[in-house]
Amino acid sequence: MQVIGLCRFSWPAEGGFQVEHADPASREAYLYAPARMEERLAHFEAICLPGLKAQTDPDFALLVLIGDTLPQGYRARLEALLSGFRQARIVIRPSGPHRAVCQSVINEARDMAAPCLQFRHDDDDAVAVDFVATLRQAADDVRALLARHRLVGFDWNRGYVARPDAKGLCAEESVTPFWGVAQAMAVQAGVRQSIMNFGHNKILRFMPTLSFTDRAMYVRGHNDHNDSRQKGHVRPVALPRLDAAGEALLRARFAIDADQVRSIFGAMPLART
C-alpha cells in the first residue's frame with residue numbers, strides 16, 4: 001500500500017497547538033522566533049531526518065507542511081536539508097483549520113481509489129530505520145481486519161526519550177502508548193478521514209488499534225520548545241547521558257550519529273536572522 005507521512009514544520013495552524021495565541025500574528029511571532037527556529041532546524045537535521053533517509057523500505061512519501069509566511073531564509077535552509085531526499089517534498093499552505101488542512105494535504109498526495117497507510121511525524125522526533133517496512137508487514141499480517149474496518153490504528157510504544165546538545169545525547173528508554181511517534185493508521189479506499197483527524201492519544205476511541213512493544217521504534221525529542229512544555233506544568237526530564245554503547249545503539253537503530261549531534265548543536269548560534 002501507499003505509505004504517506006506528514007510532518008508539520010512550524011506551520012501556523014488554527015488550532016492543533018496545546019498553547020494558544022491571541023491572533024495569527026502572535027502565533028507566527030512565536031513559531032518564527034530565531035532561537036526557536038534554530039532549535040527546530042537542528043533537531044530536524046540531527047534527529048528527525050537521518051532515520052527517515054535510512055529507511056530499509058524506501059517506498060514512502062514524506063510531506064513537510066510549512067506556512068506561506070515562513071521567512072525565506074529558513075525556507076531555504078529547510079530546502080537544503082531535504083535536497084537529495086527523494087521521498088520528501090515541501091507543501092506550502094496558508095494558516096487554516098489544523099485538521100482540515102492536514103487532511104487535505106494528505107488526501108491530495110494519495111490515490112483515493114486505493115487503501116493507504118499514513119503516519120504523523122514531528123520535526124524533533126525519529127523513527128527506527130525499519131519503521132516503514134515494519135508498518136507494511138504489520139498491515140499485511142492483519143489484512144482481514146483492515147478489510148472489515150474503514151480505519152485501523154498501529155502504535156509502536158517502545159522507544160527512547162532523548163535530548164541532544166553540544167556534548168551528544170542524553171536519553172533513556174520509554175514505553176508510552178499512543179504518544180504520536182511511530183504511530184500509523186490504515187485507511188480504506190475512498191475514506192477521506194486521515195490520521196491527522198484524530199488526537200494521537202485518542203485514536204483507540206474511534207477504531208480498532210494494534211500495539212507493539214517488542215522493539216524500540218521511536219526517539220521522542222525533548223527540548224525547550226516542545227509544545228507540551230510551554231504551559232509551565234511540564235518540567236524538564238532528567239535524562240542520563242549516553243555512553244559509547246548507547247550512542248552506538250541509537251546510531252544502528254535510528255541512524256542518529258552522536259558525532260553529528262555534537263557538531264550541529266555545538267555550532268548552533270543563539271539566534272541567526
# chains A, B, ... in the order shown; residues from 1 in each chain; ligands from 1
call {"tool": "residues_around", "arguments": {"residues": "A:Gly221", "least_positions_apart": "5", "cutoff": "8 Å", "atoms": "only C-alpha atoms", "output": "JSON, numbers by chain"}}
result
{"A": [43, 47, 124, 125, 126, 161, 162, 163]}
call {"tool": "write_last_selection", "arguments": {"atoms": "N, CA, C and O atoms", "output": "tab-separated table (two decimals), in the first residue's frame"}}
result
chain	number	residue	atom	x	y	z
A	43	HIS	N	17.25	20.06	15.35
A	43	HIS	CA	16.62	18.78	15.63
A	43	HIS	C	16.20	18.08	14.34
A	43	HIS	O	16.33	16.86	14.21
A	47	ILE	N	18.17	14.73	14.34
A	47	ILE	CA	17.33	13.71	14.96
A	47	ILE	C	16.29	13.15	14.00
A	47	ILE	O	16.16	11.93	13.83
A	124	ASP	N	11.06	16.99	15.57
A	124	ASP	CA	12.13	16.73	16.53
A	124	ASP	C	12.12	15.29	17.03
A	124	ASP	O	12.78	14.95	18.00
A	125	ASP	N	11.37	14.42	16.34
A	125	ASP	CA	11.30	13.01	16.70
A	125	ASP	C	11.98	12.16	15.63
A	125	ASP	O	12.29	12.64	14.54
A	126	ALA	N	12.18	10.88	15.95
A	126	ALA	CA	12.79	9.95	14.99
A	126	ALA	C	12.05	8.62	15.02
A	126	ALA	O	11.45	8.25	16.04
A	161	VAL	N	13.28	8.55	25.01
A	161	VAL	CA	13.20	9.99	25.14
A	161	VAL	C	14.63	10.50	25.08
A	161	VAL	O	15.51	9.96	25.78
A	162	ALA	N	14.90	11.49	24.25
A	162	ALA	CA	16.28	11.94	24.07
A	162	ALA	C	16.36	13.45	24.00
A	162	ALA	O	15.46	14.12	23.46
A	163	ARG	N	17.46	13.96	24.53
A	163	ARG	CA	17.74	15.40	24.45
A	163	ARG	C	19.14	15.57	23.87
A	163	ARG	O	20.13	15.18	24.50
call {"tool": "residues_around", "arguments": {"residues": "stretch 242-258 of chain A", "least_positions_apart": "2", "cutoff": "10 Å", "atoms": "only C-alpha atoms", "output": "number ranges by chain"}}
result
A: 45-55, 126-131, 160, 162, 164-172, 215-219, 239-240, 260-264
call {"tool": "closest_residue", "arguments": {"among": "A:Glu39, A:Asp57, A:Asp68, A:Asp141", "to": "A:Ile90", "atoms": "only C-alpha atoms"}}
result
A:Asp68
call {"tool": "select_by_dssp", "arguments": {"residues": "stretch 132-170 of chain A", "states": "alpha helix (DSSP H)", "output": "PyMOL selection string"}}
result
chain A and resi 132-141+143-148
call {"tool": "select_by_dssp", "arguments": {"residues": "stretch 17-157 of chain A", "states": "strand (DSSP E or B)", "output": "list in words"}}
result
Ala61, Leu62, Leu63, Val64, Leu65, Ile66, Gly67, Ala88, Arg89, Ile90, Val91, Ile92, Arg93, Pro97, Cys116, Leu117, Gln118, Phe119, Arg120, Ala126, Val127, Leu151, Val152, Gly153, Phe154, Asp155 and Trp156 of chain A
call {"tool": "write_last_selection", "arguments": {"atoms": "N, CA and C atoms", "output": "PDB file, in the first residue's frame"}}
result
ATOM      1  N   ALA A  61       6.257   8.329   1.030  1.00  0.00           N
ATOM      2  CA  ALA A  61       6.320   9.769   0.772  1.00  0.00           C
ATOM      3  C   ALA A  61       6.275  10.505   2.097  1.00  0.00           C
ATOM      4  N   LEU A  62       7.086  11.556   2.205  1.00  0.00           N
ATOM      5  CA  LEU A  62       7.071  12.416   3.387  1.00  0.00           C
ATOM      6  C   LEU A  62       6.669  13.814   2.949  1.00  0.00           C
ATOM      7  N   LEU A  63       5.556  14.300   3.447  1.00  0.00           N
ATOM      8  CA  LEU A  63       5.061  15.636   3.147  1.00  0.00           C
ATOM      9  C   LEU A  63       5.462  16.559   4.292  1.00  0.00           C
ATOM     10  N   VAL A  64       6.232  17.585   3.995  1.00  0.00           N
ATOM     11  CA  VAL A  64       6.686  18.542   5.006  1.00  0.00           C
ATOM     12  C   VAL A  64       5.862  19.807   4.824  1.00  0.00           C
ATOM     13  N   LEU A  65       4.952  20.036   5.741  1.00  0.00           N
ATOM     14  CA  LEU A  65       3.996  21.143   5.637  1.00  0.00           C
ATOM     15  C   LEU A  65       4.557  22.396   6.289  1.00  0.00           C
ATOM     16  N   ILE A  66       4.631  23.470   5.497  1.00  0.00           N
ATOM     17  CA  ILE A  66       5.095  24.761   6.014  1.00  0.00           C
ATOM     18  C   ILE A  66       4.079  25.843   5.658  1.00  0.00           C
ATOM     19  N   GLY A  67       4.200  26.980   6.320  1.00  0.00           N
ATOM     20  CA  GLY A  67       3.317  28.098   6.045  1.00  0.00           C
ATOM     21  C   GLY A  67       3.855  28.990   4.941  1.00  0.00           C
ATOM     22  N   ALA A  88      10.826  13.047   0.110  1.00  0.00           N
ATOM     23  CA  ALA A  88      10.278  14.216   0.803  1.00  0.00           C
ATOM     24  C   ALA A  88       9.953  15.336  -0.164  1.00  0.00           C
ATOM     25  N   ARG A  89       8.870  16.044   0.122  1.00  0.00           N
ATOM     26  CA  ARG A  89       8.574  17.269  -0.614  1.00  0.00           C
ATOM     27  C   ARG A  89       7.882  18.252   0.304  1.00  0.00           C
ATOM     28  N   ILE A  90       8.183  19.507   0.091  1.00  0.00           N
ATOM     29  CA  ILE A  90       7.598  20.579   0.883  1.00  0.00           C
ATOM     30  C   ILE A  90       6.235  20.941   0.306  1.00  0.00           C
ATOM     31  N   VAL A  91       5.257  21.076   1.194  1.00  0.00           N
ATOM     32  CA  VAL A  91       3.915  21.511   0.824  1.00  0.00           C
ATOM     33  C   VAL A  91       3.647  22.821   1.548  1.00  0.00           C
ATOM     34  N   ILE A  92       3.270  23.841   0.801  1.00  0.00           N
ATOM     35  CA  ILE A  92       3.059  25.174   1.375  1.00  0.00           C
ATOM     36  C   ILE A  92       1.560  25.456   1.466  1.00  0.00           C
ATOM     37  N   ARG A  93       1.108  25.815   2.648  1.00  0.00           N
ATOM     38  CA  ARG A  93      -0.286  26.171   2.848  1.00  0.00           C
ATOM     39  C   ARG A  93      -0.367  27.381   3.777  1.00  0.00           C
ATOM     40  N   PRO A  97      -7.623  25.911   9.419  1.00  0.00           N
ATOM     41  CA  PRO A  97      -8.014  24.926  10.441  1.00  0.00           C
ATOM     42  C   PRO A  97      -7.108  23.707  10.394  1.00  0.00           C
ATOM     43  N   CYS A 116      -4.493   3.053   1.893  1.00  0.00           N
ATOM     44  CA  CYS A 116      -3.134   3.546   2.147  1.00  0.00           C
ATOM     45  C   CYS A 116      -2.815   3.468   3.622  1.00  0.00           C
ATOM     46  N   LEU A 117      -1.537   3.633   3.922  1.00  0.00           N
ATOM     47  CA  LEU A 117      -1.034   3.714   5.283  1.00  0.00           C
ATOM     48  C   LEU A 117      -0.510   5.123   5.512  1.00  0.00           C
ATOM     49  N   GLN A 118      -0.824   5.704   6.655  1.00  0.00           N
ATOM     50  CA  GLN A 118      -0.435   7.080   6.953  1.00  0.00           C
ATOM     51  C   GLN A 118       0.240   7.135   8.317  1.00  0.00           C
ATOM     52  N   PHE A 119       1.244   8.009   8.432  1.00  0.00           N
ATOM     53  CA  PHE A 119       1.833   8.248   9.748  1.00  0.00           C
ATOM     54  C   PHE A 119       2.099   9.728   9.929  1.00  0.00           C
ATOM     55  N   ARG A 120       2.035  10.159  11.168  1.00  0.00           N
ATOM     56  CA  ARG A 120       2.346  11.543  11.536  1.00  0.00           C
ATOM     57  C   ARG A 120       3.750  11.569  12.130  1.00  0.00           C
ATOM     58  N   ALA A 126      12.177  10.876  15.947  1.00  0.00           N
ATOM     59  CA  ALA A 126      12.789   9.947  14.993  1.00  0.00           C
ATOM     60  C   ALA A 126      12.052   8.616  15.022  1.00  0.00           C
ATOM     61  N   VAL A 127      12.103   7.912  13.904  1.00  0.00           N
ATOM     62  CA  VAL A 127      11.622   6.532  13.854  1.00  0.00           C
ATOM     63  C   VAL A 127      12.785   5.632  13.461  1.00  0.00           C
ATOM     64  N   LEU A 151     -10.943   2.297   9.226  1.00  0.00           N
ATOM     65  CA  LEU A 151      -9.701   2.797   9.798  1.00  0.00           C
ATOM     66  C   LEU A 151      -9.178   1.789  10.819  1.00  0.00           C
ATOM     67  N   VAL A 152      -7.884   1.593  10.819  1.00  0.00           N
ATOM     68  CA  VAL A 152      -7.236   0.738  11.819  1.00  0.00           C
ATOM     69  C   VAL A 152      -5.942   1.421  12.249  1.00  0.00           C
ATOM     70  N   GLY A 153      -5.742   1.520  13.557  1.00  0.00           N
ATOM     71  CA  GLY A 153      -4.561   2.198  14.078  1.00  0.00           C
ATOM     72  C   GLY A 153      -3.442   1.228  14.433  1.00  0.00           C
ATOM     73  N   PHE A 154      -2.195   1.712  14.311  1.00  0.00           N
ATOM     74  CA  PHE A 154      -0.998   0.947  14.680  1.00  0.00           C
ATOM     75  C   PHE A 154      -0.138   1.827  15.586  1.00  0.00           C
ATOM     76  N   ASP A 155       0.371   1.243  16.662  1.00  0.00           N
ATOM     77  CA  ASP A 155       1.174   2.025  17.595  1.00  0.00           C
ATOM     78  C   ASP A 155       2.343   1.209  18.117  1.00  0.00           C
ATOM     79  N   TRP A 156       3.551   1.707  17.881  1.00  0.00           N
ATOM     80  CA  TRP A 156       4.755   1.106  18.449  1.00  0.00           C
ATOM     81  C   TRP A 156       5.128   1.939  19.666  1.00  0.00           C
TER      82      TRP A 156
END
call {"tool": "residues_around", "arguments": {"residues": "A:Tyr32", "least_positions_apart": "6", "cutoff": "10 Å", "atoms": "only C-alpha atoms", "output": "PyMOL selection string"}}
result
chain A and resi 10-12+38+40+69-71+74
call {"tool": "residues_around", "arguments": {"residues": "A:Met196", "least_positions_apart": "2", "cutoff": "6 Å", "atoms": "only C-alpha atoms", "output": "ChimeraX atom specification"}}
result
/A:99,194,198
call {"tool": "closest_residue", "arguments": {"among": "A:Arg110, A:His121, A:Arg8, A:Arg77", "to": "A:Val187", "atoms": "only C-alpha atoms"}}
result
A:Arg110
